[in-house]
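The next block is my_file-v6.pdb, given as PDB, C-alpha atoms and all ligand atoms.
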MODEL        1
ATOM      1  CA  MET A  19     -21.866   4.809  12.178  1.00  0.00           C
ATOM      2  CA  ASN A  20     -23.581   7.792  13.832  1.00  0.00           C
ATOM      3  CA  LEU A  21     -22.724  11.455  13.297  1.00  0.00           C
ATOM      4  CA  SER A  22     -20.789  11.873  16.555  1.00  0.00           C
ATOM      5  CA  THR A  23     -18.370   9.063  15.574  1.00  0.00           C
ATOM      6  CA  ILE A  24     -17.734  10.776  12.220  1.00  0.00           C
ATOM      7  CA  THR A  25     -17.025  14.153  13.811  1.00  0.00           C
ATOM      8  CA  LEU A  26     -14.558  12.487  16.190  1.00  0.00           C
ATOM      9  CA  HIS A  27     -12.733  10.563  13.464  1.00  0.00           C
ATOM     10  CA  VAL A  28     -12.351  13.189  10.729  1.00  0.00           C
ATOM     11  CA  PRO A  29     -10.185  15.675  12.697  1.00  0.00           C
ATOM     12  CA  GLU A  30      -8.118  12.729  14.005  1.00  0.00           C
ATOM     13  CA  GLN A  31      -7.460  11.546  10.443  1.00  0.00           C
ATOM     14  CA  SER A  32      -6.558  14.990   9.180  1.00  0.00           C
ATOM     15  CA  LYS A  33      -4.184  15.418  12.142  1.00  0.00           C
ATOM     16  CA  ILE A  34      -2.360  12.216  11.131  1.00  0.00           C
ATOM     17  CA  ALA A  35      -2.369  13.297   7.465  1.00  0.00           C
ATOM     18  CA  GLY A  36      -0.915  16.677   8.508  1.00  0.00           C
ATOM     19  CA  ARG A  37       1.866  14.957  10.466  1.00  0.00           C
ATOM     20  CA  LEU A  38       2.669  12.623   7.568  1.00  0.00           C
ATOM     21  CA  ASP A  39       2.770  15.671   5.252  1.00  0.00           C
ATOM     22  CA  PHE A  40       5.205  17.320   7.649  1.00  0.00           C
ATOM     23  CA  VAL A  41       7.487  14.221   7.698  1.00  0.00           C
ATOM     24  CA  MET A  42       7.294  14.193   3.898  1.00  0.00           C
ATOM     25  CA  MET A  43       8.348  17.853   3.785  1.00  0.00           C
ATOM     26  CA  VAL A  44      11.261  17.311   6.232  1.00  0.00           C
ATOM     27  CA  SER A  45      12.487  14.190   4.350  1.00  0.00           C
ATOM     28  CA  GLY A  46      12.189  16.139   1.067  1.00  0.00           C
ATOM     29  CA  ALA A  47      14.169  19.071   2.498  1.00  0.00           C
ATOM     30  CA  LEU A  48      16.890  16.643   3.694  1.00  0.00           C
ATOM     31  CA  LEU A  49      17.088  15.099   0.219  1.00  0.00           C
ATOM     32  CA  ILE A  50      17.330  18.553  -1.395  1.00  0.00           C
ATOM     33  CA  LEU A  51      20.290  19.440   0.854  1.00  0.00           C
ATOM     34  CA  PHE A  52      21.878  16.033   0.205  1.00  0.00           C
ATOM     35  CA  LEU A  53      21.570  16.345  -3.560  1.00  0.00           C
ATOM     36  CA  TRP A  54      23.042  19.849  -3.693  1.00  0.00           C
ATOM     37  CA  ALA A  55      25.970  18.733  -1.486  1.00  0.00           C
ATOM     38  CA  HIS A  56      26.392  15.514  -3.541  1.00  0.00           C
ATOM     39  CA  LEU A  57      26.496  17.443  -6.826  1.00  0.00           C
ATOM     40  CA  LEU A  58      29.105  19.899  -5.529  1.00  0.00           C
ATOM     41  CA  LEU A  59      31.236  17.155  -3.923  1.00  0.00           C
ATOM     42  CA  VAL A  60      31.272  14.974  -7.071  1.00  0.00           C
ATOM     43  CA  SER A  61      31.988  18.067  -9.206  1.00  0.00           C
ATOM     44  CA  SER A  62      35.282  18.467  -7.294  1.00  0.00           C
ATOM     45  CA  VAL A  63      36.672  16.113  -9.979  1.00  0.00           C
ATOM     46  CA  VAL A  64      36.482  19.072 -12.384  1.00  0.00           C
ATOM     47  CA  LEU A  65      39.071  20.900 -10.255  1.00  0.00           C
ATOM     48  CA  SER A  66      41.168  17.761  -9.799  1.00  0.00           C
ATOM     49  CA  PRO A  67      40.667  13.978  -9.362  1.00  0.00           C
ATOM     50  CA  VAL A  68      43.061  14.273  -6.371  1.00  0.00           C
ATOM     51  CA  ILE A  69      40.569  16.576  -4.615  1.00  0.00           C
ATOM     52  CA  MET A  70      37.660  14.201  -5.347  1.00  0.00           C
ATOM     53  CA  ASN A  71      39.677  11.235  -3.998  1.00  0.00           C
ATOM     54  CA  ALA A  72      40.607  13.160  -0.846  1.00  0.00           C
ATOM     55  CA  LEU A  73      36.963  14.136  -0.207  1.00  0.00           C
ATOM     56  CA  ALA A  74      35.805  10.539  -0.825  1.00  0.00           C
ATOM     57  CA  HIS A  75      38.503   9.284   1.558  1.00  0.00           C
ATOM     58  CA  PHE A  76      37.301  11.722   4.236  1.00  0.00           C
ATOM     59  CA  PHE A  77      33.685  10.502   3.922  1.00  0.00           C
ATOM     60  CA  GLU A  78      34.780   6.852   4.112  1.00  0.00           C
ATOM     61  CA  ALA A  79      37.308   7.286   6.959  1.00  0.00           C
ATOM     62  CA  THR A  80      34.566   8.936   9.050  1.00  0.00           C
ATOM     63  CA  TYR A  81      32.031   6.226   7.979  1.00  0.00           C
ATOM     64  CA  MET A  82      29.758   8.956   6.614  1.00  0.00           C
ATOM     65  CA  ALA A  83      29.579   7.158   3.258  1.00  0.00           C
ATOM     66  CA  GLN A  84      29.004   3.692   4.765  1.00  0.00           C
ATOM     67  CA  VAL A  85      26.332   4.932   7.223  1.00  0.00           C
ATOM     68  CA  GLY A  86      25.099   8.123   5.525  1.00  0.00           C
ATOM     69  CA  GLY A  87      24.695   6.472   2.092  1.00  0.00           C
ATOM     70  CA  PRO A  88      22.225   3.775   3.225  1.00  0.00           C
ATOM     71  CA  ALA A  89      20.567   6.352   5.541  1.00  0.00           C
ATOM     72  CA  ILE A  90      19.921   8.659   2.575  1.00  0.00           C
ATOM     73  CA  PHE A  91      18.499   5.693   0.692  1.00  0.00           C
ATOM     74  CA  VAL A  92      16.083   4.983   3.593  1.00  0.00           C
ATOM     75  CA  VAL A  93      15.060   8.683   3.689  1.00  0.00           C
ATOM     76  CA  MET A  94      14.407   8.464  -0.056  1.00  0.00           C
ATOM     77  CA  LEU A  95      12.178   5.395   0.447  1.00  0.00           C
ATOM     78  CA  ILE A  96      10.245   7.026   3.310  1.00  0.00           C
ATOM     79  CA  HIS A  97       9.777  10.167   1.202  1.00  0.00           C
ATOM     80  CA  PHE A  98       8.509   8.122  -1.749  1.00  0.00           C
ATOM     81  CA  ILE A  99       6.109   6.000   0.354  1.00  0.00           C
ATOM     82  CA  LEU A 100       4.621   9.145   1.954  1.00  0.00           C
ATOM     83  CA  ALA A 101       4.239  10.816  -1.460  1.00  0.00           C
ATOM     84  CA  ALA A 102       2.747   7.626  -2.940  1.00  0.00           C
ATOM     85  CA  ARG A 103      -0.324   8.104  -0.695  1.00  0.00           C
ATOM     86  CA  LYS A 104      -1.350  10.884  -3.077  1.00  0.00           C
ATOM     87  CA  MET A 105      -0.157   9.462  -6.392  1.00  0.00           C
ATOM     88  CA  PRO A 106      -2.731   8.464  -8.991  1.00  0.00           C
ATOM     89  CA  PHE A 107      -1.539   4.836  -9.461  1.00  0.00           C
ATOM     90  CA  GLU A 108      -4.726   3.278 -10.834  1.00  0.00           C
ATOM     91  CA  GLN A 109      -5.340   3.729 -14.573  1.00  0.00           C
ATOM     92  CA  GLY A 110      -8.676   5.507 -14.027  1.00  0.00           C
ATOM     93  CA  GLN A 111      -7.193   7.864 -11.426  1.00  0.00           C
ATOM     94  CA  TRP A 112      -4.206   8.634 -13.694  1.00  0.00           C
ATOM     95  CA  LYS A 113      -6.404   9.424 -16.728  1.00  0.00           C
ATOM     96  CA  ALA A 114      -8.667  11.643 -14.628  1.00  0.00           C
ATOM     97  CA  PHE A 115      -5.667  13.451 -13.183  1.00  0.00           C
ATOM     98  CA  VAL A 116      -4.030  14.117 -16.581  1.00  0.00           C
ATOM     99  CA  ALA A 117      -7.349  15.266 -18.080  1.00  0.00           C
ATOM    100  CA  HIS A 118      -7.972  17.522 -15.075  1.00  0.00           C
ATOM    101  CA  SER A 119      -4.479  18.980 -15.302  1.00  0.00           C
ATOM    102  CA  ARG A 120      -4.935  19.690 -19.067  1.00  0.00           C
ATOM    103  CA  MET A 121      -8.355  21.214 -18.567  1.00  0.00           C
ATOM    104  CA  MET A 122      -7.258  23.435 -15.688  1.00  0.00           C
ATOM    105  CA  ARG A 123      -4.003  24.505 -17.428  1.00  0.00           C
ATOM    106  CA  HIS A 124      -2.921  25.223 -13.878  1.00  0.00           C
ATOM    107  CA  LYS A 125       0.856  25.483 -13.582  1.00  0.00           C
ATOM    108  CA  ASP A 126       1.035  24.049 -10.046  1.00  0.00           C
ATOM    109  CA  THR A 127      -1.106  21.022 -11.044  1.00  0.00           C
ATOM    110  CA  THR A 128       1.223  20.348 -13.999  1.00  0.00           C
ATOM    111  CA  LEU A 129       4.227  20.680 -11.686  1.00  0.00           C
ATOM    112  CA  TRP A 130       2.706  17.995  -9.416  1.00  0.00           C
ATOM    113  CA  LEU A 131       2.339  15.714 -12.465  1.00  0.00           C
ATOM    114  CA  VAL A 132       6.041  16.271 -13.294  1.00  0.00           C
ATOM    115  CA  GLN A 133       6.869  15.410  -9.652  1.00  0.00           C
ATOM    116  CA  VAL A 134       4.982  12.081  -9.833  1.00  0.00           C
ATOM    117  CA  VAL A 135       6.653  10.958 -13.093  1.00  0.00           C
ATOM    118  CA  SER A 136      10.169  12.085 -12.087  1.00  0.00           C
ATOM    119  CA  ALA A 137       9.790  10.476  -8.610  1.00  0.00           C
ATOM    120  CA  ILE A 138       9.181   7.042 -10.130  1.00  0.00           C
ATOM    121  CA  ILE A 139      12.154   7.353 -12.528  1.00  0.00           C
ATOM    122  CA  ILE A 140      14.444   8.643  -9.751  1.00  0.00           C
ATOM    123  CA  LEU A 141      13.432   5.817  -7.385  1.00  0.00           C
ATOM    124  CA  VAL A 142      14.453   3.141  -9.912  1.00  0.00           C
ATOM    125  CA  LEU A 143      17.651   4.782 -11.253  1.00  0.00           C
ATOM    126  CA  ALA A 144      18.936   6.221  -7.956  1.00  0.00           C
ATOM    127  CA  SER A 145      18.419   2.835  -6.199  1.00  0.00           C
ATOM    128  CA  ALA A 146      20.609   1.121  -8.822  1.00  0.00           C
ATOM    129  CA  HIS A 147      23.158   3.991  -8.609  1.00  0.00           C
ATOM    130  CA  VAL A 148      23.433   3.989  -4.791  1.00  0.00           C
ATOM    131  CA  PHE A 149      23.744   0.187  -4.717  1.00  0.00           C
ATOM    132  CA  THR A 150      26.465   0.202  -7.449  1.00  0.00           C
ATOM    133  CA  VAL A 151      28.566   2.936  -5.826  1.00  0.00           C
ATOM    134  CA  LEU A 152      28.262   1.707  -2.221  1.00  0.00           C
ATOM    135  CA  SER A 153      28.973  -1.924  -3.079  1.00  0.00           C
ATOM    136  CA  ASP A 154      32.233  -0.897  -4.777  1.00  0.00           C
ATOM    137  CA  LEU A 155      33.959   1.233  -2.111  1.00  0.00           C
ATOM    138  CA  PRO A 156      36.298   3.051  -1.913  1.00  0.00           C
ATOM    139  CA  ILE A 157      35.011   5.789  -4.201  1.00  0.00           C
ATOM    140  CA  THR A 158      37.757   7.042  -6.517  1.00  0.00           C
ATOM    141  CA  ALA A 159      37.706   9.355  -9.523  1.00  0.00           C
ATOM    142  CA  ALA A 160      39.254   6.571 -11.640  1.00  0.00           C
ATOM    143  CA  LYS A 161      36.496   4.054 -10.769  1.00  0.00           C
ATOM    144  CA  SER A 162      33.774   6.637 -11.401  1.00  0.00           C
ATOM    145  CA  ALA A 163      35.371   7.560 -14.734  1.00  0.00           C
ATOM    146  CA  ALA A 164      35.606   3.860 -15.691  1.00  0.00           C
ATOM    147  CA  ARG A 165      31.873   3.401 -15.003  1.00  0.00           C
ATOM    148  CA  ILE A 166      31.090   6.373 -17.242  1.00  0.00           C
ATOM    149  CA  GLN A 167      33.562   5.498 -20.011  1.00  0.00           C
ATOM    150  CA  ASN A 168      32.946   1.744 -20.243  1.00  0.00           C
ATOM    151  CA  GLY A 169      29.509   0.895 -18.997  1.00  0.00           C
ATOM    152  CA  SER A 170      25.967   1.981 -19.514  1.00  0.00           C
ATOM    153  CA  TRP A 171      26.090   4.564 -16.730  1.00  0.00           C
ATOM    154  CA  LEU A 172      26.481   7.687 -18.879  1.00  0.00           C
ATOM    155  CA  PRO A 173      22.982   7.411 -20.457  1.00  0.00           C
ATOM    156  CA  ILE A 174      21.546   6.600 -17.012  1.00  0.00           C
ATOM    157  CA  TYR A 175      23.157   9.703 -15.483  1.00  0.00           C
ATOM    158  CA  LEU A 176      21.959  11.799 -18.435  1.00  0.00           C
ATOM    159  CA  VAL A 177      18.392  10.850 -17.452  1.00  0.00           C
ATOM    160  CA  LEU A 178      18.864  10.817 -13.650  1.00  0.00           C
ATOM    161  CA  LEU A 179      20.592  14.228 -13.517  1.00  0.00           C
ATOM    162  CA  PRO A 180      17.788  16.363 -15.077  1.00  0.00           C
ATOM    163  CA  MET A 181      15.073  14.278 -13.356  1.00  0.00           C
ATOM    164  CA  ALA A 182      16.663  14.689  -9.913  1.00  0.00           C
ATOM    165  CA  GLU A 183      17.405  18.402 -10.355  1.00  0.00           C
ATOM    166  CA  MET A 184      13.915  19.095 -11.712  1.00  0.00           C
ATOM    167  CA  HIS A 185      12.307  17.150  -8.868  1.00  0.00           C
ATOM    168  CA  VAL A 186      14.421  18.964  -6.280  1.00  0.00           C
ATOM    169  CA  GLY A 187      13.760  22.391  -7.847  1.00  0.00           C
ATOM    170  CA  ILE A 188       9.988  21.899  -8.039  1.00  0.00           C
ATOM    171  CA  GLY A 189       9.963  20.331  -4.559  1.00  0.00           C
ATOM    172  CA  PHE A 190      11.766  23.368  -3.129  1.00  0.00           C
ATOM    173  CA  TYR A 191       9.203  25.701  -4.760  1.00  0.00           C
ATOM    174  CA  ARG A 192       6.213  23.604  -3.586  1.00  0.00           C
ATOM    175  CA  ILE A 193       7.478  23.551   0.032  1.00  0.00           C
ATOM    176  CA  GLY A 194       7.684  27.362  -0.167  1.00  0.00           C
ATOM    177  CA  ILE A 195       4.075  27.615  -1.429  1.00  0.00           C
ATOM    178  CA  LYS A 196       2.625  25.042   0.985  1.00  0.00           C
ATOM    179  CA  TYR A 197       4.194  26.512   4.116  1.00  0.00           C
ATOM    180  CA  GLY A 198       3.410  30.112   3.119  1.00  0.00           C
ATOM    181  CA  LEU A 199       7.029  31.151   2.510  1.00  0.00           C
ATOM    182  CA  ILE A 200       6.188  32.297  -1.042  1.00  0.00           C
ATOM    183  CA  SER A 201       3.304  34.776  -1.381  1.00  0.00           C
ATOM    184  CA  SER A 202       1.120  34.510  -4.496  1.00  0.00           C
ATOM    185  CA  ALA A 203       2.443  37.900  -5.657  1.00  0.00           C
ATOM    186  CA  ARG A 204       5.998  36.487  -5.663  1.00  0.00           C
ATOM    187  CA  ARG A 205       5.177  33.122  -7.352  1.00  0.00           C
ATOM    188  CA  ALA A 206       6.318  34.118 -10.849  1.00  0.00           C
ATOM    189  CA  TRP A 207       9.612  35.497  -9.488  1.00  0.00           C
ATOM    190  CA  TYR A 208      10.311  32.277  -7.539  1.00  0.00           C
ATOM    191  CA  GLN A 209       9.407  30.120 -10.544  1.00  0.00           C
ATOM    192  CA  ARG A 210      11.969  31.998 -12.653  1.00  0.00           C
ATOM    193  CA  ALA A 211      14.590  31.768  -9.877  1.00  0.00           C
ATOM    194  CA  GLU A 212      13.942  28.000  -9.632  1.00  0.00           C
ATOM    195  CA  VAL A 213      14.423  27.500 -13.374  1.00  0.00           C
ATOM    196  CA  ILE A 214      17.738  29.406 -13.250  1.00  0.00           C
ATOM    197  CA  MET A 215      18.880  27.344 -10.230  1.00  0.00           C
ATOM    198  CA  MET A 216      17.886  24.039 -11.879  1.00  0.00           C
ATOM    199  CA  ALA A 217      19.733  25.010 -15.079  1.00  0.00           C
ATOM    200  CA  GLY A 218      22.805  25.930 -12.985  1.00  0.00           C
ATOM    201  CA  PHE A 219      22.872  22.567 -11.174  1.00  0.00           C
ATOM    202  CA  ILE A 220      22.257  20.595 -14.382  1.00  0.00           C
ATOM    203  CA  THR A 221      25.133  22.487 -16.052  1.00  0.00           C
ATOM    204  CA  ILE A 222      27.485  21.639 -13.137  1.00  0.00           C
ATOM    205  CA  GLY A 223      26.387  17.960 -13.398  1.00  0.00           C
ATOM    206  CA  LEU A 224      26.970  17.899 -17.173  1.00  0.00           C
ATOM    207  CA  ILE A 225      30.436  19.442 -16.806  1.00  0.00           C
ATOM    208  CA  THR A 226      31.209  16.766 -14.148  1.00  0.00           C
ATOM    209  CA  LEU A 227      30.055  13.971 -16.478  1.00  0.00           C
ATOM    210  CA  ALA A 228      32.159  15.415 -19.330  1.00  0.00           C
ATOM    211  CA  ARG A 229      35.194  15.489 -17.020  1.00  0.00           C
ATOM    212  CA  PHE A 230      34.668  11.785 -16.118  1.00  0.00           C
ATOM    213  CA  LYS A 231      34.132  10.905 -19.776  1.00  0.00           C
ATOM    214  CA  TRP A 232      37.461  12.378 -20.856  1.00  0.00           C
ATOM    215  CA  LEU A 233      39.512  11.691 -17.720  1.00  0.00           C
ATOM    216  CA  SER A 234      42.495   9.513 -18.600  1.00  0.00           C
ATOM    217  CA  ILE A 235      42.507   6.379 -16.455  1.00  0.00           C
TER     218      ILE A 235
HETATM  219  C1  LIG A 301      23.493   7.852  -1.195  1.00  0.00           C
HETATM  220  C2  LIG A 301      24.680   7.773  -1.581  1.00  0.00           C
HETATM  221  C3  LIG A 301      25.279   8.232  -2.885  1.00  0.00           C
HETATM  222  C4  LIG A 301      26.605   8.156  -3.168  1.00  0.00           C
HETATM  223  C5  LIG A 301      27.699   7.610  -2.272  1.00  0.00           C
HETATM  224  C6  LIG A 301      26.791   8.698  -4.516  1.00  0.00           C
HETATM  225  C7  LIG A 301      28.017   8.816  -5.157  1.00  0.00           C
HETATM  226  C8  LIG A 301      28.218   9.194  -6.466  1.00  0.00           C
HETATM  227  C9  LIG A 301      29.467   9.132  -7.193  1.00  0.00           C
HETATM  228  C10 LIG A 301      30.782   8.638  -6.623  1.00  0.00           C
HETATM  229  C11 LIG A 301      29.248   9.589  -8.450  1.00  0.00           C
HETATM  230  C12 LIG A 301      30.273   9.693  -9.600  1.00  0.00           C
HETATM  231  C13 LIG A 301      29.911   8.724 -10.720  1.00  0.00           C
HETATM  232  C14 LIG A 301      30.092   7.255 -10.339  1.00  0.00           C
HETATM  233  O1  LIG A 301      30.906   6.925  -9.471  1.00  0.00           O
HETATM  234  O2  LIG A 301      29.403   6.398 -10.967  1.00  0.00           O
HETATM  235  C15 LIG A 301      27.853   9.985  -8.518  1.00  0.00           C
HETATM  236  C16 LIG A 301      27.241  10.538  -9.613  1.00  0.00           C
HETATM  237  C17 LIG A 301      25.917  10.896  -9.692  1.00  0.00           C
HETATM  238  N1  LIG A 301      24.954  10.718  -8.720  1.00  0.00           N
HETATM  239 FE1  LIG A 301      25.266   9.904  -6.880  1.00  0.00          FE
HETATM  240  N2  LIG A 301      25.582   9.094  -5.015  1.00  0.00           N
HETATM  241  C18 LIG A 301      24.610   8.841  -4.064  1.00  0.00           C
HETATM  242  C19 LIG A 301      23.261   9.092  -4.182  1.00  0.00           C
HETATM  243  C20 LIG A 301      22.651   9.699  -5.262  1.00  0.00           C
HETATM  244  C21 LIG A 301      21.238   9.990  -5.376  1.00  0.00           C
HETATM  245  C22 LIG A 301      20.198   9.685  -4.283  1.00  0.00           C
HETATM  246  C23 LIG A 301      21.046  10.593  -6.591  1.00  0.00           C
HETATM  247  C24 LIG A 301      19.797  11.134  -7.234  1.00  0.00           C
HETATM  248  C25 LIG A 301      18.626  11.201  -6.696  1.00  0.00           C
HETATM  249  C26 LIG A 301      22.321  10.658  -7.258  1.00  0.00           C
HETATM  250  C27 LIG A 301      22.542  11.193  -8.520  1.00  0.00           C
HETATM  251  C28 LIG A 301      23.762  11.198  -9.193  1.00  0.00           C
HETATM  252  C29 LIG A 301      23.966  11.735 -10.542  1.00  0.00           C
HETATM  253  C30 LIG A 301      22.901  12.368 -11.425  1.00  0.00           C
HETATM  254  C31 LIG A 301      25.313  11.551 -10.850  1.00  0.00           C
HETATM  255  C32 LIG A 301      26.033  11.954 -12.163  1.00  0.00           C
HETATM  256  C33 LIG A 301      27.101  12.991 -11.929  1.00  0.00           C
HETATM  257  C34 LIG A 301      26.563  14.332 -11.526  1.00  0.00           C
HETATM  258  O3  LIG A 301      25.657  14.810 -12.174  1.00  0.00           O
HETATM  259  O4  LIG A 301      27.071  14.908 -10.528  1.00  0.00           O
HETATM  260  N3  LIG A 301      23.276  10.119  -6.416  1.00  0.00           N
HETATM  261  N4  LIG A 301      27.246   9.726  -7.305  1.00  0.00           N
ENDMDL
END
With the file now loaded, output its structure as structure tokens.
Ligand code: HEM
Amino acid sequence: MNLSTITLHVPEQSKIAGRLDFVMMVSGALLILFLWAHLLLVSSVVLSPVIMNALAHFFEATYMAQVGGPAIFVVMLIHFILAARKMPFEQGQWKAFVAHSRMMRHKDTTLWLVQVVSAIIILVLASAHVFTVLSDLPITAAKSAARIQNGSWLPIYLVLLPMAEMHVGIGFYRIGIKYGLISSARRAWYQRAEVIMMAGFITIGLITLARFKWLSI
């Protein structure tokens, strides 16, 4: 290959990589919005199971659950596949990455490591969750409570909830850094704000799970 071919191909490749990064960011932003909405909608059970049932009925009557649910799952897959381009899957790559992250003690590198691990856990657990809920429509507070009281779903949610909220919180922060929305002078402030937001969402999720656990069915 001569030099002129290389100079033609490299910008072309980085243009494609830039576009894929952009799609990854947009799919990530969609998932962030979905997860915040999902958490608040499910938490309606804390106010009353009647409210949760009415909201679920609305989403099913308008086919938003039947169409939107699988659509969100596809967005999640696309997001994961695009992120997987950069994940250190081979053993050698993984070891080098962890060693590099330890040596650098760089907060943003460690955050990326947390993103990789949580992404893999979320992919497995959320796939099982989405399949279970959508293959047992209609959604009702009583059915959700039964899953949490009788089955093995409570421990799964206790892992999925912090993983998903952490992933979303860090993702939100990283989008801000990458697209220049957070200046380096404001990084520490945003990191603190993110931690407070994550803790808030995890608390809402835990209260929701407690409500399901002790709901009489
Ligand atoms: C795409 C369609 C989805 C639907 C229709 C849905 C619906 C539900 C419902 C009805 C519950 C109550 C518990 C139950 O019924 O078992 C629930 C809980 C939960 N879901 Fe989803 N879900 C979806 C996607 C997701 C995704 C993608 C995630 C995470 C990435 C997720 C994370 C959770 C968590 C952590 C809980 C526990 C309760 C809470 O913390 O609010 N869900 N979901």
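What separates CA of Ile157 (chain A) from CA of Thr221 (chain A) is a distance of 22.7 Å.
Of note, CA of Leu129 (chain A) and atom O4 of ligand LIG 301 (chain A) are spaced 23.6 Å apart.
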(request) Excluding region 163-173 of chain A and any residue of its chain fewer than 6 positions from it, enumerate the residues within 7 Å of it, using all atoms listed in the file, and give them as a PyMOL selection string. (result) chain A and resi 230-231+233
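This file, queried with the PyMOL selection byres (((chain A and resi 212) around 12) and not hetatm), gives the residues Glu183, Met184, His185, Val186, Gly187, Ile188, Gly189, Phe190, Tyr191, Arg192, Gly194, Arg205, Ala206, Trp207, Tyr208, Gln209, Arg210, Ala211, Val213, Ile214, Met215, Met216, Ala217, Gly218 and Phe219 of chain A.
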(message) as a PyMOL selection string, please: every protein or nucleic acid residue near ligand LIG 301 (chain A) (cut-off 8 Å, counting only C-alpha atoms and all ligand atoms).
(response) chain A and resi 49+52-53+56-58+60-61+74+83+86-91+94+140-141+143-145+147-148+150-152+157-159+161-163+165-166+171-172+175-180+182+220+222-224+226-227+230
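CA of Gly46 (chain A) sits 26.3 Å away from CA of Met70 (chain A).
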Starting from the shown file, work through the PyMOL selection byres (((chain A and resi 32-44) around 10) and not hetatm) and note down what comes out as a PDB file with C-alpha atoms, in the coordinates of the input.
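The resulting file, result_9.pdb, is reproduced below:
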ATOM      1  CA  HIS A  27     -12.733  10.563  13.464  1.00  0.00           C
ATOM      2  CA  VAL A  28     -12.351  13.189  10.729  1.00  0.00           C
ATOM      3  CA  PRO A  29     -10.185  15.675  12.697  1.00  0.00           C
ATOM      4  CA  GLU A  30      -8.118  12.729  14.005  1.00  0.00           C
ATOM      5  CA  GLN A  31      -7.460  11.546  10.443  1.00  0.00           C
ATOM      6  CA  SER A  45      12.487  14.190   4.350  1.00  0.00           C
ATOM      7  CA  GLY A  46      12.189  16.139   1.067  1.00  0.00           C
ATOM      8  CA  ALA A  47      14.169  19.071   2.498  1.00  0.00           C
ATOM      9  CA  LEU A  48      16.890  16.643   3.694  1.00  0.00           C
ATOM     10  CA  LEU A  49      17.088  15.099   0.219  1.00  0.00           C
ATOM     11  CA  ILE A  50      17.330  18.553  -1.395  1.00  0.00           C
ATOM     12  CA  VAL A  93      15.060   8.683   3.689  1.00  0.00           C
ATOM     13  CA  MET A  94      14.407   8.464  -0.056  1.00  0.00           C
ATOM     14  CA  ILE A  96      10.245   7.026   3.310  1.00  0.00           C
ATOM     15  CA  HIS A  97       9.777  10.167   1.202  1.00  0.00           C
ATOM     16  CA  PHE A  98       8.509   8.122  -1.749  1.00  0.00           C
ATOM     17  CA  ILE A  99       6.109   6.000   0.354  1.00  0.00           C
ATOM     18  CA  LEU A 100       4.621   9.145   1.954  1.00  0.00           C
ATOM     19  CA  ALA A 101       4.239  10.816  -1.460  1.00  0.00           C
ATOM     20  CA  ARG A 103      -0.324   8.104  -0.695  1.00  0.00           C
ATOM     21  CA  GLY A 189       9.963  20.331  -4.559  1.00  0.00           C
ATOM     22  CA  PHE A 190      11.766  23.368  -3.129  1.00  0.00           C
ATOM     23  CA  ARG A 192       6.213  23.604  -3.586  1.00  0.00           C
ATOM     24  CA  ILE A 193       7.478  23.551   0.032  1.00  0.00           C
ATOM     25  CA  LYS A 196       2.625  25.042   0.985  1.00  0.00           C
ATOM     26  CA  TYR A 197       4.194  26.512   4.116  1.00  0.00           C
TER      27      TYR A 197
END
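Distance check against Val134 (chain A) using all atoms listed in the file: of A:Trp112, A:Phe149, A:Phe76, A:Tyr81, the minimum falls on A:Trp112.
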